[in-house]
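Engineer: Hey, dropping query.tsv in here, TSV, N, CA and C atoms:
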chain	number	residue	atom	x	y	z
E	1	MET	N	27.72	48.33	-28.03
E	1	MET	CA	28.57	47.31	-28.59
E	1	MET	C	29.86	47.17	-27.79
E	2	LYS	N	30.43	48.30	-27.42
E	2	LYS	CA	31.65	48.25	-26.64
E	2	LYS	C	31.42	47.61	-25.29
E	3	SER	N	30.28	47.88	-24.69
E	3	SER	CA	30.00	47.32	-23.36
E	3	SER	C	29.89	45.80	-23.42
E	4	ARG	N	29.39	45.24	-24.52
E	4	ARG	CA	29.31	43.78	-24.67
E	4	ARG	C	30.71	43.18	-24.70
E	5	TYR	N	31.62	43.81	-25.44
E	5	TYR	CA	33.00	43.32	-25.50
E	5	TYR	C	33.68	43.41	-24.14
E	6	ILE	N	33.44	44.50	-23.44
E	6	ILE	CA	34.04	44.67	-22.12
E	6	ILE	C	33.51	43.62	-21.16
E	7	ILE	N	32.22	43.38	-21.17
E	7	ILE	CA	31.63	42.35	-20.31
E	7	ILE	C	32.14	40.97	-20.71
E	8	GLY	N	32.26	40.70	-21.99
E	8	GLY	CA	32.77	39.42	-22.47
E	8	GLY	C	34.22	39.20	-22.04
E	9	PHE	N	35.08	40.21	-22.23
E	9	PHE	CA	36.48	40.10	-21.80
E	9	PHE	C	36.58	39.91	-20.29
E	10	PHE	N	35.75	40.64	-19.55
E	10	PHE	CA	35.75	40.52	-18.10
E	10	PHE	C	35.33	39.10	-17.68
E	11	ALA	N	34.31	38.56	-18.33
E	11	ALA	CA	33.83	37.21	-18.01
E	11	ALA	C	34.91	36.16	-18.32
E	12	VAL	N	35.58	36.30	-19.47
E	12	VAL	CA	36.65	35.36	-19.84
E	12	VAL	C	37.81	35.48	-18.87
E	13	PHE	N	38.17	36.70	-18.53
E	13	PHE	CA	39.27	36.94	-17.59
E	13	PHE	C	38.94	36.34	-16.22
E	14	LEU	N	37.72	36.53	-15.75
E	14	LEU	CA	37.27	35.98	-14.46
E	14	LEU	C	37.28	34.45	-14.50
E	15	LEU	N	36.80	33.88	-15.57
E	15	LEU	CA	36.77	32.42	-15.72
E	15	LEU	C	38.19	31.85	-15.74
E	16	ALA	N	39.11	32.50	-16.44
E	16	ALA	CA	40.51	32.05	-16.48
E	16	ALA	C	41.13	32.13	-15.08
E	17	GLY	N	40.83	33.18	-14.34
E	17	GLY	CA	41.33	33.31	-12.97
E	17	GLY	C	40.80	32.20	-12.07
E	18	ILE	N	39.55	31.87	-12.20
E	18	ILE	CA	38.95	30.79	-11.39
E	18	ILE	C	39.60	29.45	-11.73
E	19	ILE	N	39.82	29.19	-13.01
E	19	ILE	CA	40.44	27.93	-13.44
E	19	ILE	C	41.88	27.83	-12.92
E	20	LEU	N	42.63	28.92	-13.03
E	20	LEU	CA	44.01	28.92	-12.53
E	20	LEU	C	44.05	28.72	-11.01
E	21	THR	N	43.17	29.37	-10.29
E	21	THR	CA	43.12	29.22	-8.84
E	21	THR	C	42.76	27.78	-8.45
E	22	ALA	N	41.80	27.19	-9.12
E	22	ALA	CA	41.40	25.81	-8.83
E	22	ALA	C	42.54	24.84	-9.15
E	23	GLY	N	43.24	25.07	-10.25
E	23	GLY	CA	44.38	24.21	-10.60
E	23	GLY	C	45.49	24.32	-9.58
E	24	TYR	N	45.79	25.53	-9.14
E	24	TYR	CA	46.82	25.73	-8.12
E	24	TYR	C	46.42	25.03	-6.83
E	25	GLN	N	45.17	25.20	-6.40
E	25	GLN	CA	44.71	24.58	-5.16
E	25	GLN	C	44.79	23.06	-5.25
E	26	PHE	N	44.42	22.50	-6.39
E	26	PHE	CA	44.46	21.05	-6.58
E	26	PHE	C	45.90	20.52	-6.46
E	27	THR	N	46.84	21.16	-7.14
E	27	THR	CA	48.23	20.69	-7.08
E	27	THR	C	48.83	20.92	-5.70
E	28	TYR	N	48.48	22.01	-5.05
E	28	TYR	CA	48.96	22.28	-3.69
E	28	TYR	C	48.48	21.20	-2.72
E	29	ASP	N	47.22	20.82	-2.82
E	29	ASP	CA	46.68	19.75	-1.96
E	29	ASP	C	47.39	18.43	-2.20
E	30	LYS	N	47.67	18.10	-3.45
E	30	LYS	CA	48.37	16.85	-3.76
E	30	LYS	C	49.78	16.84	-3.17
E	31	VAL	N	50.50	17.95	-3.30
E	31	VAL	CA	51.85	18.04	-2.75
E	31	VAL	C	51.82	17.91	-1.24
E	32	MET	N	50.88	18.56	-0.58
E	32	MET	CA	50.78	18.49	0.87
E	32	MET	C	50.43	17.07	1.34
E	33	GLU	N	49.56	16.39	0.62
E	33	GLU	CA	49.23	15.00	0.96
E	33	GLU	C	50.46	14.11	0.83
E	34	ARG	N	51.22	14.30	-0.23
E	34	ARG	CA	52.42	13.50	-0.46
E	34	ARG	C	53.46	13.74	0.64
E	35	GLN	N	53.65	15.00	1.04
E	35	GLN	CA	54.59	15.31	2.10
E	35	GLN	C	54.13	14.76	3.44
E	36	ALA	N	52.84	14.82	3.72
E	36	ALA	CA	52.32	14.29	4.97
E	36	ALA	C	52.49	12.77	5.02
E	37	ALA	N	52.25	12.09	3.90
E	37	ALA	CA	52.43	10.64	3.86
E	37	ALA	C	53.90	10.28	4.04
E	38	GLN	N	54.79	11.06	3.45
E	38	GLN	CA	56.22	10.80	3.58
E	38	GLN	C	56.66	11.03	5.02
E	39	ALA	N	56.20	12.09	5.64
E	39	ALA	CA	56.54	12.37	7.03
E	39	ALA	C	55.99	11.29	7.96
E	40	GLN	N	54.80	10.81	7.66
E	40	GLN	CA	54.20	9.77	8.49
E	40	GLN	C	54.99	8.47	8.36
E	41	ASP	N	55.47	8.16	7.17
E	41	ASP	CA	56.29	6.96	6.98
E	41	ASP	C	57.58	7.06	7.77
E	42	GLU	N	58.21	8.23	7.75
E	42	GLU	CA	59.45	8.42	8.49
E	42	GLU	C	59.22	8.30	9.98
E	43	VAL	N	58.16	8.92	10.48
E	43	VAL	CA	57.86	8.85	11.91
E	43	VAL	C	57.51	7.43	12.29
E	44	TYR	N	56.70	6.77	11.47
E	44	TYR	CA	56.29	5.40	11.77
E	44	TYR	C	57.50	4.49	11.83
E	45	GLY	N	58.42	4.63	10.88
E	45	GLY	CA	59.62	3.80	10.86
E	45	GLY	C	60.47	4.04	12.10
E	46	THR	N	60.60	5.29	12.52
E	46	THR	CA	61.39	5.62	13.70
E	46	THR	C	60.75	5.04	14.94
E	47	GLU	N	59.43	5.16	15.05
E	47	GLU	CA	58.74	4.64	16.23
E	47	GLU	C	58.86	3.13	16.30
E	48	SER	N	58.74	2.45	15.18
E	48	SER	CA	58.81	1.00	15.21
E	48	SER	C	60.21	0.53	15.60
E	49	ILE	N	61.23	1.25	15.16
E	49	ILE	CA	62.60	0.88	15.54
E	49	ILE	C	62.78	1.09	17.03
E	50	ALA	N	62.34	2.24	17.53
E	50	ALA	CA	62.51	2.54	18.95
E	50	ALA	C	61.72	1.55	19.80
E	51	ALA	N	60.51	1.24	19.38
E	51	ALA	CA	59.69	0.31	20.16
E	51	ALA	C	60.30	-1.08	20.12
E	52	GLU	N	60.80	-1.46	18.96
E	52	GLU	CA	61.38	-2.79	18.84
E	52	GLU	C	62.64	-2.92	19.70
E	53	GLY	N	63.51	-1.93	19.64
E	53	GLY	CA	64.74	-1.98	20.41
E	53	GLY	C	64.48	-1.84	21.90
E	54	GLY	N	63.49	-1.01	22.27
E	54	GLY	CA	63.23	-0.78	23.69
E	54	GLY	C	62.38	-1.87	24.31
E	55	ALA	N	61.55	-2.52	23.52
E	55	ALA	CA	60.61	-3.49	24.07
E	55	ALA	C	61.28	-4.83	24.37
E	56	VAL	N	62.34	-5.14	23.66
E	56	VAL	CA	62.99	-6.44	23.82
E	56	VAL	C	64.27	-6.26	24.60
E	57	LYS	N	64.37	-6.91	25.74
E	57	LYS	CA	65.59	-6.83	26.54
E	57	LYS	C	66.50	-7.98	26.18
E	58	ASN	N	67.77	-7.71	26.20
E	58	ASN	CA	68.74	-8.74	25.86
E	58	ASN	C	69.81	-8.75	26.94
E	59	ASP	N	70.06	-9.92	27.50
E	59	ASP	CA	71.15	-10.04	28.46
E	59	ASP	C	72.46	-9.91	27.70
E	60	GLU	N	73.46	-9.31	28.36
E	60	GLU	CA	74.75	-9.14	27.69
E	60	GLU	C	75.39	-10.48	27.39
E	61	ASP	N	75.03	-11.52	28.12
E	61	ASP	CA	75.62	-12.84	27.89
E	61	ASP	C	75.11	-13.45	26.59
E	62	ASP	N	73.95	-13.04	26.14
E	62	ASP	CA	73.37	-13.61	24.92
E	62	ASP	C	74.10	-13.15	23.67
E	63	GLY	N	74.54	-11.91	23.65
E	63	GLY	CA	75.28	-11.40	22.51
E	63	GLY	C	74.39	-10.89	21.39
E	64	TYR	N	75.04	-10.47	20.34
E	64	TYR	CA	74.38	-9.88	19.18
E	64	TYR	C	74.98	-10.45	17.91
E	65	TYR	N	74.23	-10.36	16.84
E	65	TYR	CA	74.70	-10.82	15.53
E	65	TYR	C	74.58	-9.69	14.53
E	66	LEU	N	75.62	-9.51	13.75
E	66	LEU	CA	75.60	-8.53	12.66
E	66	LEU	C	75.32	-9.28	11.38
E	67	ARG	N	74.29	-8.82	10.66
E	67	ARG	CA	73.92	-9.45	9.40
E	67	ARG	C	73.54	-8.38	8.40
E	68	GLU	N	73.49	-8.76	7.15
E	68	GLU	CA	73.12	-7.83	6.09
E	68	GLU	C	71.60	-7.76	5.98
E	69	LEU	N	71.09	-6.54	5.83
E	69	LEU	CA	69.66	-6.32	5.60
E	69	LEU	C	69.52	-5.20	4.58
E	70	HIS	N	69.08	-5.53	3.38
E	70	HIS	CA	68.89	-4.56	2.29
E	70	HIS	C	70.17	-3.80	1.98
E	71	GLY	N	71.30	-4.46	2.04
E	71	GLY	CA	72.57	-3.85	1.68
E	71	GLY	C	73.26	-3.11	2.81
E	72	PHE	N	72.66	-3.10	4.00
E	72	PHE	CA	73.24	-2.42	5.15
E	72	PHE	C	73.43	-3.40	6.29
E	73	VAL	N	74.28	-3.03	7.24
E	73	VAL	CA	74.53	-3.88	8.41
E	73	VAL	C	73.39	-3.65	9.39
E	74	ALA	N	72.80	-4.75	9.87
E	74	ALA	CA	71.75	-4.69	10.89
E	74	ALA	C	72.20	-5.51	12.08
E	75	VAL	N	71.81	-5.08	13.27
E	75	VAL	CA	72.16	-5.78	14.50
E	75	VAL	C	70.94	-6.58	14.94
E	76	TYR	N	71.15	-7.87	15.13
E	76	TYR	CA	70.09	-8.78	15.57
E	76	TYR	C	70.38	-9.26	16.99
E	77	LEU	N	69.33	-9.61	17.69
E	77	LEU	CA	69.50	-10.22	19.01
E	77	LEU	C	69.98	-11.65	18.83
E	78	SER	N	70.19	-12.33	19.94
E	78	SER	CA	70.78	-13.67	19.89
E	78	SER	C	69.90	-14.68	19.16
E	79	ASP	N	68.62	-14.42	19.01
E	79	ASP	CA	67.76	-15.36	18.27
E	79	ASP	C	67.94	-15.25	16.75
E	80	LYS	N	68.73	-14.29	16.30
E	80	LYS	CA	69.06	-14.05	14.89
E	80	LYS	C	67.85	-13.66	14.03
E	81	GLU	N	66.72	-13.35	14.66
E	81	GLU	CA	65.53	-12.95	13.91
E	81	GLU	C	65.02	-11.57	14.32
E	82	THR	N	65.20	-11.21	15.58
E	82	THR	CA	64.71	-9.94	16.09
E	82	THR	C	65.75	-8.85	15.84
E	83	VAL	N	65.33	-7.82	15.09
E	83	VAL	CA	66.25	-6.72	14.80
E	83	VAL	C	66.37	-5.85	16.04
E	84	TYR	N	67.61	-5.65	16.48
E	84	TYR	CA	67.89	-4.82	17.63
E	84	TYR	C	68.13	-3.38	17.20
E	85	GLU	N	68.84	-3.20	16.07
E	85	GLU	CA	69.15	-1.86	15.59
E	85	GLU	C	69.48	-1.91	14.11
E	86	PHE	N	68.98	-0.91	13.39
E	86	PHE	CA	69.35	-0.73	11.99
E	86	PHE	C	70.51	0.25	11.94
E	87	THR	N	71.42	0.06	11.00
E	87	THR	CA	72.53	0.99	10.84
E	87	THR	C	72.51	1.56	9.43
E	88	GLU	N	73.33	2.56	9.22
E	88	GLU	CA	73.48	3.15	7.89
E	88	GLU	C	74.85	2.78	7.31
E	89	ILE	N	75.39	1.66	7.74
E	89	ILE	CA	76.69	1.20	7.26
E	89	ILE	C	76.47	0.28	6.06
E	90	PRO	N	76.85	0.70	4.87
E	90	PRO	CA	76.70	-0.17	3.70
E	90	PRO	C	77.67	-1.36	3.80
E	91	VAL	N	77.17	-2.52	3.49
E	91	VAL	CA	78.01	-3.72	3.52
E	91	VAL	C	79.13	-3.60	2.50
E	92	SER	N	78.86	-2.93	1.40
E	92	SER	CA	79.87	-2.79	0.35
E	92	SER	C	81.07	-1.96	0.80
E	93	ASP	N	80.91	-1.13	1.85
E	93	ASP	CA	82.02	-0.31	2.35
E	93	ASP	C	82.92	-1.06	3.33
E	94	LEU	N	82.53	-2.25	3.75
E	94	LEU	CA	83.31	-3.01	4.72
E	94	LEU	C	84.47	-3.72	4.02
E	95	PRO	N	85.56	-3.98	4.75
E	95	PRO	CA	86.64	-4.80	4.18
E	95	PRO	C	86.11	-6.21	3.85
E	96	GLU	N	86.75	-6.86	2.92
E	96	GLU	CA	86.29	-8.17	2.43
E	96	GLU	C	86.14	-9.18	3.56
E	97	GLU	N	87.09	-9.23	4.48
E	97	GLU	CA	87.05	-10.20	5.58
E	97	GLU	C	85.83	-9.94	6.48
E	98	VAL	N	85.59	-8.69	6.81
E	98	VAL	CA	84.45	-8.33	7.66
E	98	VAL	C	83.15	-8.56	6.90
E	99	ARG	N	83.15	-8.28	5.60
E	99	ARG	CA	81.96	-8.52	4.77
E	99	ARG	C	81.56	-10.00	4.80
E	100	GLN	N	82.55	-10.89	4.73
E	100	GLN	CA	82.27	-12.33	4.81
E	100	GLN	C	81.70	-12.70	6.17
E	101	GLU	N	82.28	-12.13	7.24
E	101	GLU	CA	81.78	-12.41	8.59
E	101	GLU	C	80.34	-11.95	8.75
E	102	VAL	N	80.02	-10.77	8.23
E	102	VAL	CA	78.66	-10.25	8.32
E	102	VAL	C	77.71	-11.11	7.50
E	103	ALA	N	78.15	-11.58	6.35
E	103	ALA	CA	77.31	-12.45	5.52
E	103	ALA	C	76.97	-13.75	6.24
E	104	GLU	N	77.90	-14.23	7.05
E	104	GLU	CA	77.67	-15.47	7.81
E	104	GLU	C	76.98	-15.20	9.14
E	105	GLY	N	76.93	-13.95	9.58
E	105	GLY	CA	76.33	-13.60	10.86
E	105	GLY	C	77.40	-13.42	11.92
E	106	LYS	N	78.06	-12.29	11.91
E	106	LYS	CA	79.16	-12.01	12.84
E	106	LYS	C	78.62	-11.90	14.26
E	107	TYR	N	79.20	-12.66	15.18
E	107	TYR	CA	78.78	-12.67	16.58
E	107	TYR	C	79.59	-11.64	17.37
E	108	ILE	N	78.89	-10.84	18.17
E	108	ILE	CA	79.52	-9.90	19.08
E	108	ILE	C	78.91	-10.14	20.45
E	109	SER	N	79.77	-10.33	21.45
E	109	SER	CA	79.27	-10.80	22.74
E	109	SER	C	78.73	-9.72	23.66
E	110	THR	N	79.24	-8.49	23.61
E	110	THR	CA	78.79	-7.46	24.55
E	110	THR	C	78.36	-6.19	23.82
E	111	VAL	N	77.61	-5.37	24.54
E	111	VAL	CA	77.16	-4.10	23.98
E	111	VAL	C	78.35	-3.19	23.71
E	112	LYS	N	79.32	-3.24	24.59
E	112	LYS	CA	80.51	-2.40	24.43
E	112	LYS	C	81.24	-2.74	23.13
E	113	GLU	N	81.43	-4.02	22.86
E	113	GLU	CA	82.07	-4.44	21.62
E	113	GLU	C	81.22	-4.06	20.41
E	114	LEU	N	79.90	-4.19	20.57
E	114	LEU	CA	78.98	-3.88	19.48
E	114	LEU	C	79.13	-2.41	19.07
E	115	TYR	N	79.04	-1.52	20.03
E	115	TYR	CA	79.12	-0.10	19.69
E	115	TYR	C	80.52	0.32	19.28
E	116	ALA	N	81.53	-0.38	19.74
E	116	ALA	CA	82.88	-0.10	19.26
E	116	ALA	C	82.98	-0.46	17.77
E	117	PHE	N	82.42	-1.61	17.39
E	117	PHE	CA	82.42	-2.02	15.99
E	117	PHE	C	81.65	-1.02	15.14
E	118	LEU	N	80.45	-0.65	15.58
E	118	LEU	CA	79.61	0.27	14.81
E	118	LEU	C	80.28	1.64	14.67
E	119	GLU	N	80.89	2.10	15.73
E	119	GLU	CA	81.59	3.39	15.69
E	119	GLU	C	82.78	3.33	14.74
E	120	ASN	N	83.47	2.22	14.73
E	120	ASN	CA	84.65	2.06	13.89
E	120	ASN	C	84.29	2.10	12.41
E	121	TYR	N	83.20	1.45	12.03
E	121	TYR	CA	82.85	1.34	10.60
E	121	TYR	C	81.82	2.36	10.13
E	122	SER	N	81.28	3.16	11.01
E	122	SER	CA	80.27	4.13	10.58
E	122	SER	C	80.90	5.42	10.06
E	123	SER	N	82.16	5.64	10.33
E	123	SER	CA	82.80	6.90	9.89
E	123	SER	C	83.39	6.76	8.52
As a first step, turn the structure in this file into structure tokens.

Structural biologist:
Amino acid sequence: MKSRYIIGFFAVFLLAGIILTAGYQFTYDKVMERQAAQAQDEVYGTESIAAEGGAVKNDEDDGYYLRELHGFVAVYLSDKETVYEFTEIPVSDLPEEVRQEVAEGKYISTVKELYAFLENYSS
């Protein structure tokens, strides 16, 4: 009689261990898939920005335009459609006068002026 109880407890204990291990493995796989997808999105976004900025050449005479994109300042080429560079400068942090200029499409003629502006407002 005692051996039946021991075998029964052992079987239940073994079954509970298998269920816990399977549950852990399932959640671990889901977390790893989610992290891999997030990392792939970040890498993909970085590659597309680099390819976009590097693939399109712009003469300094053409200039650049600063415009709002999803609440942040974005730099466009002279055609006003091709994104040259994304920034992390929130439009809401800009002074009112500059915010109006960016809303209308602020023109900057040279790369030197462009990076001076970005450096000034990114800090």

Engineer: Write out as a ChimeraX atom specification each polymer residue whose atoms come within 7 Å of range 66-75 of chain E, counting only N, CA and C atoms; drop sequence neighbours fewer than 4 positions from it.

Structural biologist: /E:82-92,101-108

Engineer: Dump N, CA and C atoms for the selected residues as a PDB file, in the coordinates of the input?

Structural biologist:
ATOM      1  N   THR E  82      65.200 -11.210  15.580  1.00  0.00           N
ATOM      2  CA  THR E  82      64.710  -9.940  16.090  1.00  0.00           C
ATOM      3  C   THR E  82      65.750  -8.850  15.840  1.00  0.00           C
ATOM      4  N   VAL E  83      65.330  -7.820  15.090  1.00  0.00           N
ATOM      5  CA  VAL E  83      66.250  -6.720  14.800  1.00  0.00           C
ATOM      6  C   VAL E  83      66.370  -5.850  16.040  1.00  0.00           C
ATOM      7  N   TYR E  84      67.610  -5.650  16.480  1.00  0.00           N
ATOM      8  CA  TYR E  84      67.890  -4.820  17.630  1.00  0.00           C
ATOM      9  C   TYR E  84      68.130  -3.380  17.200  1.00  0.00           C
ATOM     10  N   GLU E  85      68.840  -3.200  16.070  1.00  0.00           N
ATOM     11  CA  GLU E  85      69.150  -1.860  15.590  1.00  0.00           C
ATOM     12  C   GLU E  85      69.480  -1.910  14.110  1.00  0.00           C
ATOM     13  N   PHE E  86      68.980  -0.910  13.390  1.00  0.00           N
ATOM     14  CA  PHE E  86      69.350  -0.730  11.990  1.00  0.00           C
ATOM     15  C   PHE E  86      70.510   0.250  11.940  1.00  0.00           C
ATOM     16  N   THR E  87      71.420   0.060  11.000  1.00  0.00           N
ATOM     17  CA  THR E  87      72.530   0.990  10.840  1.00  0.00           C
ATOM     18  C   THR E  87      72.510   1.560   9.430  1.00  0.00           C
ATOM     19  N   GLU E  88      73.330   2.560   9.220  1.00  0.00           N
ATOM     20  CA  GLU E  88      73.480   3.150   7.890  1.00  0.00           C
ATOM     21  C   GLU E  88      74.850   2.780   7.310  1.00  0.00           C
ATOM     22  N   ILE E  89      75.390   1.660   7.740  1.00  0.00           N
ATOM     23  CA  ILE E  89      76.690   1.200   7.260  1.00  0.00           C
ATOM     24  C   ILE E  89      76.470   0.280   6.060  1.00  0.00           C
ATOM     25  N   PRO E  90      76.850   0.700   4.870  1.00  0.00           N
ATOM     26  CA  PRO E  90      76.700  -0.170   3.700  1.00  0.00           C
ATOM     27  C   PRO E  90      77.670  -1.360   3.800  1.00  0.00           C
ATOM     28  N   VAL E  91      77.170  -2.520   3.490  1.00  0.00           N
ATOM     29  CA  VAL E  91      78.010  -3.720   3.520  1.00  0.00           C
ATOM     30  C   VAL E  91      79.130  -3.600   2.500  1.00  0.00           C
ATOM     31  N   SER E  92      78.860  -2.930   1.400  1.00  0.00           N
ATOM     32  CA  SER E  92      79.870  -2.790   0.350  1.00  0.00           C
ATOM     33  C   SER E  92      81.070  -1.960   0.800  1.00  0.00           C
ATOM     34  N   GLU E 101      82.280 -12.130   7.240  1.00  0.00           N
ATOM     35  CA  GLU E 101      81.780 -12.410   8.590  1.00  0.00           C
ATOM     36  C   GLU E 101      80.340 -11.950   8.750  1.00  0.00           C
ATOM     37  N   VAL E 102      80.020 -10.770   8.230  1.00  0.00           N
ATOM     38  CA  VAL E 102      78.660 -10.250   8.320  1.00  0.00           C
ATOM     39  C   VAL E 102      77.710 -11.110   7.500  1.00  0.00           C
ATOM     40  N   ALA E 103      78.150 -11.580   6.350  1.00  0.00           N
ATOM     41  CA  ALA E 103      77.310 -12.450   5.520  1.00  0.00           C
ATOM     42  C   ALA E 103      76.970 -13.750   6.240  1.00  0.00           C
ATOM     43  N   GLU E 104      77.900 -14.230   7.050  1.00  0.00           N
ATOM     44  CA  GLU E 104      77.670 -15.470   7.810  1.00  0.00           C
ATOM     45  C   GLU E 104      76.980 -15.200   9.140  1.00  0.00           C
ATOM     46  N   GLY E 105      76.930 -13.950   9.580  1.00  0.00           N
ATOM     47  CA  GLY E 105      76.330 -13.600  10.860  1.00  0.00           C
ATOM     48  C   GLY E 105      77.400 -13.420  11.920  1.00  0.00           C
ATOM     49  N   LYS E 106      78.060 -12.290  11.910  1.00  0.00           N
ATOM     50  CA  LYS E 106      79.160 -12.010  12.840  1.00  0.00           C
ATOM     51  C   LYS E 106      78.620 -11.900  14.260  1.00  0.00           C
ATOM     52  N   TYR E 107      79.200 -12.660  15.180  1.00  0.00           N
ATOM     53  CA  TYR E 107      78.780 -12.670  16.580  1.00  0.00           C
ATOM     54  C   TYR E 107      79.590 -11.640  17.370  1.00  0.00           C
ATOM     55  N   ILE E 108      78.890 -10.840  18.170  1.00  0.00           N
ATOM     56  CA  ILE E 108      79.520  -9.900  19.080  1.00  0.00           C
ATOM     57  C   ILE E 108      78.910 -10.140  20.450  1.00  0.00           C
TER      58      ILE E 108
END

Engineer: If you run DSSP over the backbone, which residues in chain E end up strand (DSSP E or B)? Put them as an MDAnalysis selection string.

Structural biologist: chainID E and resid 64:69 72:76 83:90 106:108

Engineer: Per DSSP on the backbone, filter chain E down to the residues in alpha helix (DSSP H) and report them as number ranges by chain.

Structural biologist: E: 2-55, 96-104, 111-122

Engineer: Between CA of Lys80 in chain E and CA of Tyr65 in chain E, what is the distance in Å, rounded to a tenth?

Structural biologist: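 CA of Tyr65 in chain E lies 6.5 Å from CA of Lys80 in chain E.
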
Engineer: Could you tell me how far CA of Tyr64 in chain E sits from CA of Phe117 in chain E, in Å to one decimal place?

Structural biologist: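 Going from CA of Phe117 in chain E over to CA of Tyr64 in chain E covers 11.7 Å.
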
Engineer: Which residue gives the smallest distance to Asp79 in chain E among E:Tyr115, E:Thr110, E:Gly63, E:Gln25, with only C-alpha atoms counted?

Structural biologist: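 For Asp79 in chain E, the nearest of the given residues is E:Gly63.
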
Engineer: Work out how far apart atom N of Lys2 in chain E and CA of Leu14 in chain E are and give it in Å to one decimal.

Structural biologist: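 Calculated distance between atom N of Lys2 in chain E and CA of Leu14 in chain E is 19.1 Å.
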
Engineer: Which is closer to Asp93 in chain E than all the others in E:Glu81, E:Tyr121, E:Glu113, E:Gly8, using only C-alpha atoms?

Structural biologist: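 Counting only C-alpha atoms, the residue closest to Asp93 in chain E is E:Tyr121.
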
Engineer: Kindly output range 110-122 of chain E as a short mmCIF file (atom, residue, chain, number, x, y, z; two decimals), keeping the file's coordinate frame, after building N, CA, C and O atoms.

Structural biologist:
data_model
loop_
_atom_site.label_atom_id
_atom_site.label_comp_id
_atom_site.auth_asym_id
_atom_site.auth_seq_id
_atom_site.Cartn_x
_atom_site.Cartn_y
_atom_site.Cartn_z
N THR E 110 79.24 -8.49 23.61
CA THR E 110 78.79 -7.46 24.55
C THR E 110 78.36 -6.19 23.82
O THR E 110 78.72 -5.97 22.66
N VAL E 111 77.61 -5.37 24.54
CA VAL E 111 77.16 -4.10 23.98
C VAL E 111 78.35 -3.19 23.71
O VAL E 111 78.38 -2.48 22.71
N LYS E 112 79.32 -3.24 24.59
CA LYS E 112 80.51 -2.40 24.43
C LYS E 112 81.24 -2.74 23.13
O LYS E 112 81.62 -1.85 22.36
N GLU E 113 81.43 -4.02 22.86
CA GLU E 113 82.07 -4.44 21.62
C GLU E 113 81.22 -4.06 20.41
O GLU E 113 81.74 -3.67 19.36
N LEU E 114 79.90 -4.19 20.57
CA LEU E 114 78.98 -3.88 19.48
C LEU E 114 79.13 -2.41 19.07
O LEU E 114 79.32 -2.11 17.89
N TYR E 115 79.04 -1.52 20.03
CA TYR E 115 79.12 -0.10 19.69
C TYR E 115 80.52 0.32 19.28
O TYR E 115 80.68 1.26 18.50
N ALA E 116 81.53 -0.38 19.74
CA ALA E 116 82.88 -0.10 19.26
C ALA E 116 82.98 -0.46 17.77
O ALA E 116 83.57 0.28 16.97
N PHE E 117 82.42 -1.61 17.39
CA PHE E 117 82.42 -2.02 15.99
C PHE E 117 81.65 -1.02 15.14
O PHE E 117 82.13 -0.57 14.09
N LEU E 118 80.45 -0.65 15.58
CA LEU E 118 79.61 0.27 14.81
C LEU E 118 80.28 1.64 14.67
O LEU E 118 80.23 2.25 13.60
N GLU E 119 80.89 2.10 15.73
CA GLU E 119 81.59 3.39 15.69
C GLU E 119 82.78 3.33 14.74
O GLU E 119 83.05 4.27 13.99
N ASN E 120 83.47 2.22 14.73
CA ASN E 120 84.65 2.06 13.89
C ASN E 120 84.29 2.10 12.41
O ASN E 120 85.00 2.69 11.60
N TYR E 121 83.20 1.45 12.03
CA TYR E 121 82.85 1.34 10.60
C TYR E 121 81.82 2.36 10.13
O TYR E 121 81.51 2.41 8.95
N SER E 122 81.28 3.16 11.01
CA SER E 122 80.27 4.13 10.58
C SER E 122 80.90 5.42 10.06
O SER E 122 80.25 6.19 9.40
#
